[in-house]
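Enquirer: start_12.cif is reproduced below (mmCIF, C-alpha atoms).
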```cif
data_entry
#
loop_
_atom_site.label_atom_id
_atom_site.label_comp_id
_atom_site.auth_asym_id
_atom_site.auth_seq_id
_atom_site.Cartn_x
_atom_site.Cartn_y
_atom_site.Cartn_z
CA MET A 1 175.97 85.92 123.79
CA ARG A 2 173.01 86.80 121.60
CA VAL A 3 169.64 85.93 123.15
CA ALA A 4 166.20 86.62 121.68
CA TYR A 5 163.43 87.64 124.08
CA LEU A 6 159.72 87.12 123.42
CA ALA A 7 156.87 88.48 125.55
CA PRO A 8 153.13 89.14 125.03
CA GLU A 9 153.68 92.92 124.88
CA LEU A 10 157.12 94.46 124.92
CA PRO A 11 157.73 96.89 126.46
CA ALA A 12 154.50 97.04 128.45
CA LEU A 13 153.52 99.12 131.47
CA SER A 14 151.79 96.04 132.90
CA ALA A 15 155.03 94.02 132.80
CA THR A 16 157.86 96.37 133.68
CA PHE A 17 159.76 93.42 135.15
CA VAL A 18 160.31 92.05 131.63
CA TYR A 19 161.94 95.11 130.14
CA ASN A 20 163.86 95.80 133.36
CA GLU A 21 165.29 92.28 133.08
CA ILE A 22 166.26 92.88 129.45
CA LEU A 23 167.98 96.18 130.28
CA GLN A 24 169.85 94.53 133.16
CA LEU A 25 171.04 91.66 130.94
CA GLU A 26 172.21 94.17 128.33
CA ALA A 27 174.16 95.98 131.06
CA MET A 28 175.79 92.60 131.80
CA GLY A 29 176.94 92.25 128.19
CA VAL A 30 174.12 90.12 126.75
CA ASP A 31 173.03 91.11 123.22
CA VAL A 32 169.23 90.91 123.42
CA VAL A 33 167.09 90.70 120.26
CA PRO A 34 163.53 91.68 121.36
CA PHE A 35 160.25 90.30 119.97
CA SER A 36 156.68 90.97 121.05
CA VAL A 37 153.54 89.00 120.20
CA HIS A 38 151.39 92.13 120.15
CA LYS A 39 152.13 95.81 119.85
CA PRO A 40 151.78 97.28 123.38
CA GLY A 41 148.47 98.97 124.04
CA SER A 42 150.10 101.82 125.95
CA LYS A 43 153.52 103.35 125.39
CA VAL A 44 156.28 103.34 127.99
CA ALA A 45 157.50 106.91 128.31
CA GLU A 46 160.83 106.17 130.04
CA ALA A 47 163.82 107.44 128.05
CA ARG A 48 165.89 104.35 128.94
CA VAL A 49 163.37 102.16 127.11
CA ALA A 50 163.38 104.14 123.83
CA CYS A 51 165.96 101.90 122.13
CA LEU A 52 164.04 98.78 123.14
CA VAL A 53 160.84 100.23 121.70
CA ASP A 54 162.58 100.96 118.38
CA ASN A 55 164.20 97.52 118.11
CA THR A 56 161.27 95.30 119.08
CA VAL A 57 159.59 93.32 116.30
CA ASN A 58 155.83 92.88 116.81
CA LEU A 59 154.95 89.51 115.31
CA TYR A 60 151.18 89.92 115.01
CA SER A 61 151.57 93.34 113.36
CA GLN A 62 153.09 91.78 110.25
CA ALA A 63 151.07 91.23 107.08
CA MET A 64 149.52 87.76 106.94
CA HIS A 65 150.48 87.23 103.31
CA GLN A 66 154.14 87.72 104.26
CA VAL A 67 153.81 85.32 107.20
CA LEU A 68 152.24 82.66 104.95
CA LEU A 69 154.99 83.21 102.38
CA ASP A 70 157.58 82.66 105.13
CA ASN A 71 155.92 79.31 105.87
CA ALA A 72 156.06 78.26 102.21
CA VAL A 73 159.71 79.27 101.89
CA TYR A 74 160.58 77.52 105.16
CA LEU A 75 158.92 74.31 103.98
CA ILE A 76 160.93 74.42 100.74
CA GLU A 77 164.26 75.30 102.37
CA HIS A 78 163.92 73.22 105.57
CA PRO A 79 161.44 70.44 104.76
CA ALA A 80 162.59 68.02 107.47
CA SER A 81 162.28 70.49 110.37
CA TYR A 82 158.99 71.89 109.03
CA ILE A 83 157.37 68.45 108.73
CA LYS A 84 158.74 67.41 112.13
CA THR A 85 157.24 70.53 113.71
CA LEU A 86 153.90 69.92 111.96
CA GLY A 87 153.96 66.54 113.68
CA LEU A 88 154.44 68.25 117.07
CA LEU A 89 151.57 70.59 116.26
CA PHE A 90 149.24 67.70 115.38
CA LYS A 91 150.19 65.88 118.58
CA ASP A 92 149.49 69.02 120.63
CA ILE A 93 146.14 69.58 118.91
CA CYS A 94 145.11 66.05 119.84
CA SER A 95 146.14 66.74 123.44
CA VAL A 96 144.06 69.92 123.83
CA GLY A 97 141.09 68.68 121.78
CA LEU A 98 140.79 68.58 117.99
CA PHE A 99 137.95 71.08 117.72
CA SER A 100 138.77 73.28 120.71
CA ARG A 101 139.50 76.99 120.69
CA THR A 102 142.96 76.22 122.06
CA ALA A 103 143.66 73.97 119.06
CA LEU A 104 142.74 76.77 116.65
CA GLY A 105 145.04 79.08 118.59
CA LEU A 106 147.92 76.61 118.29
CA ILE A 107 147.50 76.49 114.50
CA TYR A 108 147.52 80.28 114.29
CA ARG A 109 150.64 80.52 116.46
CA PHE A 110 152.39 77.80 114.47
CA VAL A 111 151.97 79.95 111.33
CA PHE A 112 153.74 82.85 113.06
CA SER A 113 156.42 80.56 114.48
CA ALA A 114 157.92 80.12 111.00
CA ASN A 115 158.23 83.89 110.72
CA LEU A 116 159.94 84.03 114.11
CA ALA A 117 162.23 81.09 113.24
CA LYS A 118 163.39 82.89 110.11
CA LYS A 119 164.16 86.03 112.10
CA LEU A 120 166.02 84.09 114.80
CA LEU A 121 168.27 82.49 112.19
CA ASN A 122 168.81 85.76 110.30
CA SER A 123 169.73 87.51 113.56
CA GLN A 124 172.11 84.67 114.49
CA CYS A 125 170.43 84.23 117.89
CA GLU A 126 171.90 81.49 120.07
CA HIS A 127 168.95 81.12 122.43
CA LEU A 128 165.32 82.22 122.80
CA HIS A 129 163.86 83.16 126.18
CA VAL A 130 160.13 83.66 126.68
CA HIS A 131 158.13 85.40 129.39
CA PHE A 132 154.76 83.75 130.15
CA ALA A 133 154.01 80.12 129.45
CA HIS A 134 150.86 80.53 127.38
CA ILE A 135 150.69 82.16 123.92
CA PRO A 136 154.33 83.34 123.62
CA THR A 137 155.60 79.88 124.56
CA ASP A 138 153.33 78.26 121.95
CA ILE A 139 155.06 80.36 119.30
CA ALA A 140 158.50 79.84 120.80
CA MET A 141 158.43 76.05 121.06
CA TYR A 142 157.43 75.67 117.40
CA ALA A 143 159.98 78.30 116.32
CA SER A 144 162.60 76.41 118.31
CA SER A 145 161.70 73.14 116.62
CA LEU A 146 161.83 74.79 113.20
CA SER A 147 165.12 76.63 113.76
CA GLY A 148 167.00 74.28 116.07
CA ILE A 149 167.56 77.21 118.46
CA PRO A 150 166.84 76.16 122.06
CA TYR A 151 164.26 78.01 124.14
CA SER A 152 163.51 78.62 127.81
CA VAL A 153 160.58 80.11 129.69
CA THR A 154 159.80 82.25 132.72
CA ALA A 155 156.32 81.40 134.02
CA HIS A 156 154.46 83.75 136.33
CA ALA A 157 150.87 83.18 137.47
CA ASN A 158 147.80 83.11 135.23
CA ASP A 159 149.90 81.52 132.47
CA ILE A 160 150.09 78.32 134.52
CA TYR A 161 147.04 78.49 136.84
CA GLU A 162 144.35 79.53 134.37
CA ARG A 163 145.93 79.11 130.91
CA GLY A 164 148.31 76.25 131.54
CA TRP A 165 147.71 74.09 128.49
CA LEU A 166 150.50 71.71 127.41
CA LEU A 167 152.67 72.50 130.45
CA VAL A 168 154.23 69.02 130.49
CA GLU A 169 155.17 69.35 126.82
CA LYS A 170 156.44 72.92 127.17
CA VAL A 171 158.68 72.04 130.09
CA GLY A 172 159.89 68.86 128.39
CA ARG A 173 160.84 70.63 125.15
CA SER A 174 162.53 73.60 126.87
CA SER A 175 166.17 73.93 127.86
CA PHE A 176 164.96 75.08 131.25
CA PHE A 177 161.67 76.34 132.67
CA ALA A 178 162.00 79.13 135.21
CA THR A 179 159.24 80.28 137.50
CA ILE A 180 159.07 83.03 140.10
CA SER A 181 158.23 81.11 143.29
CA GLU A 182 158.56 77.83 145.14
CA PHE A 183 154.75 77.81 145.22
CA ASN A 184 154.70 77.70 141.42
CA LYS A 185 157.34 74.98 141.37
CA ASN A 186 155.18 72.85 143.67
CA TYR A 187 152.16 73.57 141.48
CA LEU A 188 154.08 72.40 138.41
CA ALA A 189 155.08 69.23 140.25
CA GLY A 190 151.37 68.61 140.82
CA VAL A 191 150.62 68.65 137.09
CA GLY A 192 153.41 66.18 136.37
CA VAL A 193 156.15 68.23 134.73
CA ASN A 194 159.82 67.23 134.67
CA LEU A 195 161.06 69.11 137.76
CA SER A 196 164.71 68.60 136.81
CA LYS A 197 164.20 71.39 134.25
CA VAL A 198 162.40 73.78 136.63
CA GLU A 199 164.35 76.67 138.16
CA VAL A 200 163.10 79.31 140.62
CA VAL A 201 164.19 82.71 139.31
CA ARG A 202 162.57 85.67 141.02
CA CYS A 203 161.16 88.72 139.28
CA GLY A 204 163.55 91.21 140.76
CA VAL A 205 163.69 94.94 141.37
CA GLU A 206 166.66 97.28 141.42
CA PRO A 207 167.10 98.42 145.05
CA THR A 208 169.14 101.50 144.10
CA GLN A 209 166.11 102.95 142.27
CA PHE A 210 164.17 103.25 145.54
CA SER A 211 164.85 105.45 148.54
CA ARG A 212 163.34 105.19 152.00
CA LYS A 213 160.71 107.71 153.00
CA GLU A 214 161.69 109.88 155.97
CA SER A 215 158.71 109.08 158.19
CA VAL A 216 155.87 106.62 158.24
CA VAL A 217 153.01 108.66 159.69
CA SER A 218 152.92 112.38 158.86
CA ASP A 219 149.60 113.40 160.47
CA GLN A 220 146.55 112.08 162.30
CA VAL A 221 144.97 110.62 159.17
CA THR A 222 146.55 107.31 158.10
CA ARG A 223 147.16 107.13 154.35
CA ILE A 224 146.41 103.60 153.13
CA GLY A 225 147.15 102.88 149.50
CA VAL A 226 147.04 100.26 146.78
CA ILE A 227 148.00 100.25 143.12
CA GLY A 228 147.03 97.68 140.51
CA ARG A 229 144.49 96.64 137.92
CA LEU A 230 140.94 96.86 139.24
CA VAL A 231 140.24 93.17 138.77
CA GLU A 232 138.85 90.45 141.02
CA LYS A 233 142.16 88.83 141.97
CA LYS A 234 143.49 92.03 143.58
CA GLY A 235 140.83 91.86 146.32
CA ILE A 236 140.28 95.62 146.45
CA ASP A 237 136.62 95.11 147.39
CA THR A 238 137.85 93.36 150.55
CA LEU A 239 140.05 96.39 151.30
CA ILE A 240 137.07 98.75 150.90
CA ASN A 241 135.01 96.62 153.28
CA ALA A 242 137.93 96.54 155.74
CA VAL A 243 138.30 100.32 155.90
CA ALA A 244 134.53 100.55 156.44
CA VAL A 245 135.13 98.46 159.58
CA LEU A 246 137.84 100.94 160.61
CA LYS A 247 135.38 103.81 160.13
CA ASP A 248 132.90 102.11 162.45
CA GLN A 249 135.71 101.91 165.02
CA GLY A 250 136.34 105.66 164.80
CA ILE A 251 139.74 105.34 163.09
CA LYS A 252 140.65 108.20 160.76
CA PHE A 253 142.10 107.15 157.41
CA GLU A 254 142.36 107.99 153.73
CA LEU A 255 142.28 105.12 151.22
CA LEU A 256 143.95 105.88 147.88
CA ILE A 257 143.24 103.44 145.04
CA ALA A 258 145.48 103.85 141.96
CA GLY A 259 144.64 101.87 138.85
CA SER A 260 141.95 101.21 136.31
CA GLY A 261 140.07 98.14 135.17
CA PRO A 262 136.71 96.44 134.66
CA LEU A 263 135.70 96.63 138.35
CA ASN A 264 136.03 100.41 138.56
CA ALA A 265 132.28 101.05 138.64
CA SER A 266 131.44 98.24 141.09
CA LEU A 267 134.22 99.29 143.49
CA ARG A 268 132.93 102.87 143.49
CA GLU A 269 129.46 101.51 144.18
CA SER A 270 130.85 99.47 147.07
CA SER A 271 132.43 102.57 148.58
CA GLU A 272 129.07 104.37 148.41
CA LYS A 273 127.25 101.46 150.05
CA ASN A 274 129.82 101.58 152.86
CA ASN A 275 129.12 105.32 153.30
CA LEU A 276 132.74 106.25 152.62
CA THR A 277 133.15 109.95 151.86
CA SER A 278 135.47 111.59 149.33
CA ASN A 279 137.79 112.42 152.24
CA GLU A 280 138.00 108.74 153.17
CA ILE A 281 138.40 107.09 149.76
CA CYS A 282 139.82 108.39 146.50
CA PHE A 283 139.95 106.60 143.13
CA LEU A 284 142.99 108.05 141.35
CA GLY A 285 142.70 106.08 138.11
CA ALA A 286 145.79 104.84 136.29
CA ILE A 287 148.95 106.75 137.17
CA PRO A 288 152.12 106.94 135.02
CA HIS A 289 154.77 104.40 135.90
CA ALA A 290 157.23 107.22 136.53
CA ASP A 291 154.96 108.45 139.36
CA VAL A 292 154.50 105.09 141.09
CA ALA A 293 157.52 105.42 143.40
CA GLU A 294 156.42 108.83 144.71
CA PHE A 295 152.85 107.59 145.16
CA VAL A 296 154.02 104.62 147.21
CA LYS A 297 156.32 106.80 149.35
CA SER A 298 153.39 109.11 150.16
CA LEU A 299 151.62 106.26 151.98
CA ASP A 300 151.69 105.15 155.59
CA MET A 301 151.00 101.57 154.54
CA PHE A 302 150.51 99.59 151.33
CA VAL A 303 147.72 97.01 151.34
CA LEU A 304 147.15 94.45 148.57
CA PRO A 305 144.67 91.73 149.68
CA CYS A 306 145.11 89.31 146.77
CA ARG A 307 142.78 86.36 146.20
CA LYS A 308 142.07 83.58 143.69
CA ASP A 309 139.43 84.70 141.20
CA LYS A 310 136.52 82.66 139.81
CA GLN A 311 138.64 81.44 136.87
CA GLY A 312 141.40 80.21 139.20
CA ASP A 313 143.79 83.06 138.43
CA MET A 314 145.83 84.70 141.19
CA ASP A 315 148.90 86.87 141.50
CA GLY A 316 152.36 85.34 141.77
CA ILE A 317 154.52 87.70 143.83
CA PRO A 318 153.48 91.26 142.92
CA VAL A 319 156.51 93.43 142.19
CA VAL A 320 154.75 96.48 143.63
CA LEU A 321 154.98 94.86 147.09
CA MET A 322 158.76 94.72 146.69
CA GLU A 323 158.82 98.37 145.62
CA ALA A 324 156.84 99.41 148.71
CA MET A 325 159.14 97.37 150.97
CA LEU A 326 162.21 99.08 149.52
CA SER A 327 160.53 102.47 149.99
CA GLY A 328 160.16 102.02 153.75
CA VAL A 329 156.39 101.55 153.55
CA PRO A 330 154.96 98.68 155.63
CA VAL A 331 152.95 96.16 153.62
CA ILE A 332 149.93 93.97 154.24
CA SER A 333 148.86 91.18 151.88
CA THR A 334 147.41 87.67 151.93
CA LYS A 335 148.49 84.08 152.41
CA ILE A 336 148.18 83.05 148.79
CA SER A 337 150.46 81.88 145.98
CA GLY A 338 154.11 82.94 146.40
CA ILE A 339 153.40 86.04 148.51
CA PRO A 340 154.42 84.35 151.82
CA GLU A 341 157.88 83.79 150.27
CA LEU A 342 158.30 87.58 150.22
CA ILE A 343 156.19 88.65 153.20
CA LEU A 344 156.98 86.74 156.38
CA ASN A 345 154.17 87.50 158.82
CA GLU A 346 155.19 90.02 161.50
CA GLU A 347 158.76 89.97 160.16
CA THR A 348 158.70 91.65 156.74
CA GLY A 349 155.00 92.55 156.67
CA LEU A 350 151.59 91.31 157.73
CA LEU A 351 149.58 88.48 156.15
CA VAL A 352 145.90 87.64 156.48
CA MET A 353 143.69 85.10 154.75
CA PRO A 354 142.06 86.21 151.47
CA ASP A 355 138.51 87.65 151.63
CA ASP A 356 138.69 88.23 155.40
CA GLU A 357 137.78 91.91 155.86
CA GLN A 358 137.72 91.67 159.65
CA ALA A 359 141.25 90.22 159.81
CA LEU A 360 142.43 92.82 157.29
CA ALA A 361 140.93 95.65 159.35
CA LYS A 362 142.65 94.26 162.45
CA ALA A 363 146.01 94.09 160.63
CA ILE A 364 145.68 97.70 159.44
CA SER A 365 144.75 98.81 162.96
CA SER A 366 147.74 96.98 164.46
CA LEU A 367 150.10 98.83 162.12
CA ILE A 368 148.59 102.14 163.22
CA ASP A 369 148.93 101.28 166.91
CA ASP A 370 152.23 99.36 167.12
CA SER A 371 155.17 101.54 166.06
CA ALA A 372 157.77 99.01 167.22
CA LEU A 373 156.28 96.25 165.04
CA LYS A 374 155.98 98.63 162.12
CA ASN A 375 159.56 99.88 162.30
CA ARG A 376 160.99 96.37 162.73
CA MET A 377 159.10 95.13 159.68
CA ILE A 378 160.27 98.07 157.57
CA ILE A 379 163.94 97.26 158.27
CA ASN A 380 163.49 93.52 157.72
CA ALA A 381 161.44 94.04 154.56
CA SER A 382 164.10 96.10 152.81
CA ALA A 383 166.79 93.55 153.71
CA LYS A 384 164.62 90.67 152.43
CA VAL A 385 164.09 92.28 149.02
CA LYS A 386 167.77 93.21 148.63
CA GLU A 387 168.91 89.71 149.57
CA GLU A 388 166.48 87.58 147.55
CA PHE A 389 164.65 89.74 145.02
CA SER A 390 167.45 91.85 143.55
CA LEU A 391 167.14 92.38 139.79
CA LYS A 392 170.89 92.12 139.32
CA SER A 393 171.33 88.79 141.13
CA ASN A 394 168.35 87.16 139.43
CA ALA A 395 169.40 88.44 135.99
CA ALA A 396 172.86 87.01 136.68
CA LYS A 397 171.25 83.64 137.43
CA LEU A 398 169.42 83.77 134.11
CA LYS A 399 172.59 84.73 132.27
CA GLY A 400 174.36 81.75 133.82
CA LEU A 401 171.59 79.43 132.64
CA PHE A 402 171.73 80.92 129.13
CA ASN A 403 175.50 80.50 129.07
CA LYS A 404 175.25 76.85 130.12
CA ILE A 405 172.73 76.09 127.36
CA ILE A 406 174.62 78.00 124.65
CA ASN A 407 177.97 76.45 125.51
CA GLY A 408 176.36 73.00 125.67
CA THR A 409 174.80 73.52 122.23
CA LYS A 410 178.12 74.65 120.77
CA ALA A 411 179.85 71.61 122.23
CA LEU A 412 177.39 69.37 120.40
#
```
Go through the file and emit its structure as structure tokens.

Expert:
Amino acid sequence: MRVAYLAPELPALSATFVYNEILQLEAMGVDVVPFSVHKPGSKVAEARVACLVDNTVNLYSQAMHQVLLDNAVYLIEHPASYIKTLGLLFKDICSVGLFSRTALGLIYRFVFSANLAKKLLNSQCEHLHVHFAHIPTDIAMYASSLSGIPYSVTAHANDIYERGWLLVEKVGRSSFFATISEFNKNYLAGVGVNLSKVEVVRCGVEPTQFSRKESVVSDQVTRIGVIGRLVEKKGIDTLINAVAVLKDQGIKFELLIAGSGPLNASLRESSEKNNLTSNEICFLGAIPHADVAEFVKSLDMFVLPCRKDKQGDMDGIPVVLMEAMLSGVPVISTKISGIPELILNEETGLLVMPDDEQALAKAISSLIDDSALKNRMIINASAKVKEEFSLKSNAAKLKGLFNKIINGTKAL
């Protein structure tokens, strides 16, 4: 089985779940041919990813004159498929608006789709799988039409909530359209897609890569932590306001914030306005992926109060929550998107409503005070991740879907 993979950036520190999935499929005997839209902005230093880095073709890094030449050659050698795909492009442009920015983007991606189609045929790929339903899927669906090689998609969050153009068409043209949560599946139903093609396939983690910490609380100061991009949808400002409430109640804590992003300055300003000292809050900046597991295990609780941002974007089911749950660290998050499918309130973690700093402070306080609740949730959380969010079982589901499509194509 030879399957091409296409993602926005591959391999990327911001999407470790994509390259982990590829490595797991390769371990299961799938021959993966990797493609990336862009060259990753930051390198992944893990030795196990070195071969993937070397083999990945970055589409947008190629010379434009070569890409245009590929289009001319493709038109000459495969005129019927090229003209048919131009027809799809024109139809899609009319759907998104003739003079819109999205329409210009579709034209640009169509040009690169001929380059990808040529590479798929030369590599003898039997299927193309895409992560994220926005730009990579634009390229993939035109490359699929040009080459006759079927494609499928895994959709996550912002690619359907905020940048979900042509979702009905993308689902309809795909072999199958996977998404990471039942919440997303219901959302797709609401925009009118063909649900018979939609599959729920979780973004999984490998449980054997995480070990339980020996104890939850090591001293009198509770270590509260979060890791993620410092952007609106993570709700870290709500967390800062919540620990300020704890301070007013006389509770001793240390809040550790790992990550970087556009809200760095405003979050630091918020901590100053709340009179939080350097002993009570620490901005660690971005930390290497290799150090994430140890950082999480150093915490007494992991708190990620996600919300919907002003553009309508929100997290799907953050993988870092799964990693904390496997590490024996109790988690607190919010009732939004697919998170309640992972965190069952008072069973595998605690959930509060987004933007509610008082409820968040109360949840943190309850974890400090109630050891029985905390220990029960830790045990249940690890079992939940292993049962439903295992990388191996979800990669096996994908492989089965690929196999069904490839065998069906061969039968035709």

Enquirer: Spell out the residues picked by the PyMOL selection byres ((chain A and resi 243-255) around 7) here, as JSON, numbers by chain.

Expert: {"A": [221, 222, 223, 224, 225, 239, 240, 241, 242, 256, 257, 274, 279, 280, 281, 282, 361]}

Enquirer: List as number ranges by chain: which residues have an atom within 12 Å of (149.5, 104.4, 133.4), counting only C-alpha atoms?

Expert: A: 12-16, 41-46, 227-229, 258-261, 284-292

Enquirer: Keeping only C-alpha atoms, write the selected residues as a PDB file, in the coordinates of the input.

Expert:
```pdb
ATOM      1  CA  ALA A  12     154.500  97.040 128.450  1.00  0.00           C
ATOM      2  CA  LEU A  13     153.520  99.120 131.470  1.00  0.00           C
ATOM      3  CA  SER A  14     151.790  96.040 132.900  1.00  0.00           C
ATOM      4  CA  ALA A  15     155.030  94.020 132.800  1.00  0.00           C
ATOM      5  CA  THR A  16     157.860  96.370 133.680  1.00  0.00           C
ATOM      6  CA  GLY A  41     148.470  98.970 124.040  1.00  0.00           C
ATOM      7  CA  SER A  42     150.100 101.820 125.950  1.00  0.00           C
ATOM      8  CA  LYS A  43     153.520 103.350 125.390  1.00  0.00           C
ATOM      9  CA  VAL A  44     156.280 103.340 127.990  1.00  0.00           C
ATOM     10  CA  ALA A  45     157.500 106.910 128.310  1.00  0.00           C
ATOM     11  CA  GLU A  46     160.830 106.170 130.040  1.00  0.00           C
ATOM     12  CA  ILE A 227     148.000 100.250 143.120  1.00  0.00           C
ATOM     13  CA  GLY A 228     147.030  97.680 140.510  1.00  0.00           C
ATOM     14  CA  ARG A 229     144.490  96.640 137.920  1.00  0.00           C
ATOM     15  CA  ALA A 258     145.480 103.850 141.960  1.00  0.00           C
ATOM     16  CA  GLY A 259     144.640 101.870 138.850  1.00  0.00           C
ATOM     17  CA  SER A 260     141.950 101.210 136.310  1.00  0.00           C
ATOM     18  CA  GLY A 261     140.070  98.140 135.170  1.00  0.00           C
ATOM     19  CA  LEU A 284     142.990 108.050 141.350  1.00  0.00           C
ATOM     20  CA  GLY A 285     142.700 106.080 138.110  1.00  0.00           C
ATOM     21  CA  ALA A 286     145.790 104.840 136.290  1.00  0.00           C
ATOM     22  CA  ILE A 287     148.950 106.750 137.170  1.00  0.00           C
ATOM     23  CA  PRO A 288     152.120 106.940 135.020  1.00  0.00           C
ATOM     24  CA  HIS A 289     154.770 104.400 135.900  1.00  0.00           C
ATOM     25  CA  ALA A 290     157.230 107.220 136.530  1.00  0.00           C
ATOM     26  CA  ASP A 291     154.960 108.450 139.360  1.00  0.00           C
ATOM     27  CA  VAL A 292     154.500 105.090 141.090  1.00  0.00           C
TER      28      VAL A 292
END
```

Enquirer: What does the distance from CA of Glu323 (chain A) to CA of Tyr187 (chain A) come to in Å, to one decimal?

Expert: 26.0 Å

Enquirer: Which residues are near Arg2 (chain A)? Cut-off 8 Å, only C-alpha atoms, ignore same chain within fewer than 4 positions. Put them as a PyMOL selection string.

Expert: chain A and resi 30-33+124-127

Enquirer: Looking at all atoms listed in the file, which of A:Leu267, A:Val96, A:Leu304, A:Leu69 is the one that sits closest to Ile317 (chain A)?

Expert: A:Leu304

Enquirer: Run through the PyMOL selection byres ((chain A and resi 387) around 12) on the given coordinates and return the selected residues as a ChimeraX atom specification.

Expert: /A:202,204-207,322,326,342,380-386,388-394

Enquirer: Keeping C-alpha atoms for every residue in the selection just given, could you write it to a file as a PDB file, in the frame of the given file?

Expert:
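Produced file result-v5.pdb, reproduced below:
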```pdb
ATOM      1  CA  ARG A 202     162.570  85.670 141.020  1.00  0.00           C
ATOM      2  CA  GLY A 204     163.550  91.210 140.760  1.00  0.00           C
ATOM      3  CA  VAL A 205     163.690  94.940 141.370  1.00  0.00           C
ATOM      4  CA  GLU A 206     166.660  97.280 141.420  1.00  0.00           C
ATOM      5  CA  PRO A 207     167.100  98.420 145.050  1.00  0.00           C
ATOM      6  CA  MET A 322     158.760  94.720 146.690  1.00  0.00           C
ATOM      7  CA  LEU A 326     162.210  99.080 149.520  1.00  0.00           C
ATOM      8  CA  LEU A 342     158.300  87.580 150.220  1.00  0.00           C
ATOM      9  CA  ASN A 380     163.490  93.520 157.720  1.00  0.00           C
ATOM     10  CA  ALA A 381     161.440  94.040 154.560  1.00  0.00           C
ATOM     11  CA  SER A 382     164.100  96.100 152.810  1.00  0.00           C
ATOM     12  CA  ALA A 383     166.790  93.550 153.710  1.00  0.00           C
ATOM     13  CA  LYS A 384     164.620  90.670 152.430  1.00  0.00           C
ATOM     14  CA  VAL A 385     164.090  92.280 149.020  1.00  0.00           C
ATOM     15  CA  LYS A 386     167.770  93.210 148.630  1.00  0.00           C
ATOM     16  CA  GLU A 388     166.480  87.580 147.550  1.00  0.00           C
ATOM     17  CA  PHE A 389     164.650  89.740 145.020  1.00  0.00           C
ATOM     18  CA  SER A 390     167.450  91.850 143.550  1.00  0.00           C
ATOM     19  CA  LEU A 391     167.140  92.380 139.790  1.00  0.00           C
ATOM     20  CA  LYS A 392     170.890  92.120 139.320  1.00  0.00           C
ATOM     21  CA  SER A 393     171.330  88.790 141.130  1.00  0.00           C
ATOM     22  CA  ASN A 394     168.350  87.160 139.430  1.00  0.00           C
TER      23      ASN A 394
END
```

Enquirer: Mind giving me the straight-line distance from CA of Ile378 (chain A) to CA of Thr179 (chain A) in Å, one decimal?

Expert: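 It comes out at 26.8 Å.
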
Enquirer: Do you have the CA of Phe176 (chain A)-CA of Gly164 (chain A) distance handy?

Expert: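 Value for the CA of Phe176 (chain A)-CA of Gly164 (chain A) distance: 16.7 Å.
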
Enquirer: Measuring between all atoms listed in the file, which one of A:Thr85, A:Ser365, A:Ser61, A:Asn186 shows the shortest distance to Ala143 (chain A)?

Expert: A:Thr85

Enquirer: Written as a PDB file with C-alpha atoms, in the coordinates of the input, what is the full residue list that the PyMOL selection byres ((chain A and resi 233) around 12) yields on the file shown?

Expert:
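Saved the output as part_23.pdb:
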```
ATOM      1  CA  ALA A 157     150.870  83.180 137.470  1.00  0.00           C
ATOM      2  CA  ASN A 158     147.800  83.110 135.230  1.00  0.00           C
ATOM      3  CA  GLY A 228     147.030  97.680 140.510  1.00  0.00           C
ATOM      4  CA  ARG A 229     144.490  96.640 137.920  1.00  0.00           C
ATOM      5  CA  LEU A 230     140.940  96.860 139.240  1.00  0.00           C
ATOM      6  CA  VAL A 231     140.240  93.170 138.770  1.00  0.00           C
ATOM      7  CA  GLU A 232     138.850  90.450 141.020  1.00  0.00           C
ATOM      8  CA  LYS A 234     143.490  92.030 143.580  1.00  0.00           C
ATOM      9  CA  GLY A 235     140.830  91.860 146.320  1.00  0.00           C
ATOM     10  CA  ILE A 236     140.280  95.620 146.450  1.00  0.00           C
ATOM     11  CA  ASP A 237     136.620  95.110 147.390  1.00  0.00           C
ATOM     12  CA  THR A 238     137.850  93.360 150.550  1.00  0.00           C
ATOM     13  CA  GLY A 261     140.070  98.140 135.170  1.00  0.00           C
ATOM     14  CA  PRO A 262     136.710  96.440 134.660  1.00  0.00           C
ATOM     15  CA  LEU A 263     135.700  96.630 138.350  1.00  0.00           C
ATOM     16  CA  LEU A 304     147.150  94.450 148.570  1.00  0.00           C
ATOM     17  CA  PRO A 305     144.670  91.730 149.680  1.00  0.00           C
ATOM     18  CA  CYS A 306     145.110  89.310 146.770  1.00  0.00           C
ATOM     19  CA  ARG A 307     142.780  86.360 146.200  1.00  0.00           C
ATOM     20  CA  LYS A 308     142.070  83.580 143.690  1.00  0.00           C
ATOM     21  CA  ASP A 309     139.430  84.700 141.200  1.00  0.00           C
ATOM     22  CA  LYS A 310     136.520  82.660 139.810  1.00  0.00           C
ATOM     23  CA  GLN A 311     138.640  81.440 136.870  1.00  0.00           C
ATOM     24  CA  GLY A 312     141.400  80.210 139.200  1.00  0.00           C
ATOM     25  CA  ASP A 313     143.790  83.060 138.430  1.00  0.00           C
ATOM     26  CA  MET A 314     145.830  84.700 141.190  1.00  0.00           C
ATOM     27  CA  ASP A 315     148.900  86.870 141.500  1.00  0.00           C
ATOM     28  CA  GLY A 316     152.360  85.340 141.770  1.00  0.00           C
ATOM     29  CA  PRO A 318     153.480  91.260 142.920  1.00  0.00           C
ATOM     30  CA  THR A 334     147.410  87.670 151.930  1.00  0.00           C
ATOM     31  CA  ILE A 336     148.180  83.050 148.790  1.00  0.00           C
ATOM     32  CA  SER A 337     150.460  81.880 145.980  1.00  0.00           C
ATOM     33  CA  PRO A 354     142.060  86.210 151.470  1.00  0.00           C
ATOM     34  CA  ASP A 355     138.510  87.650 151.630  1.00  0.00           C
TER      35      ASP A 355
END
```
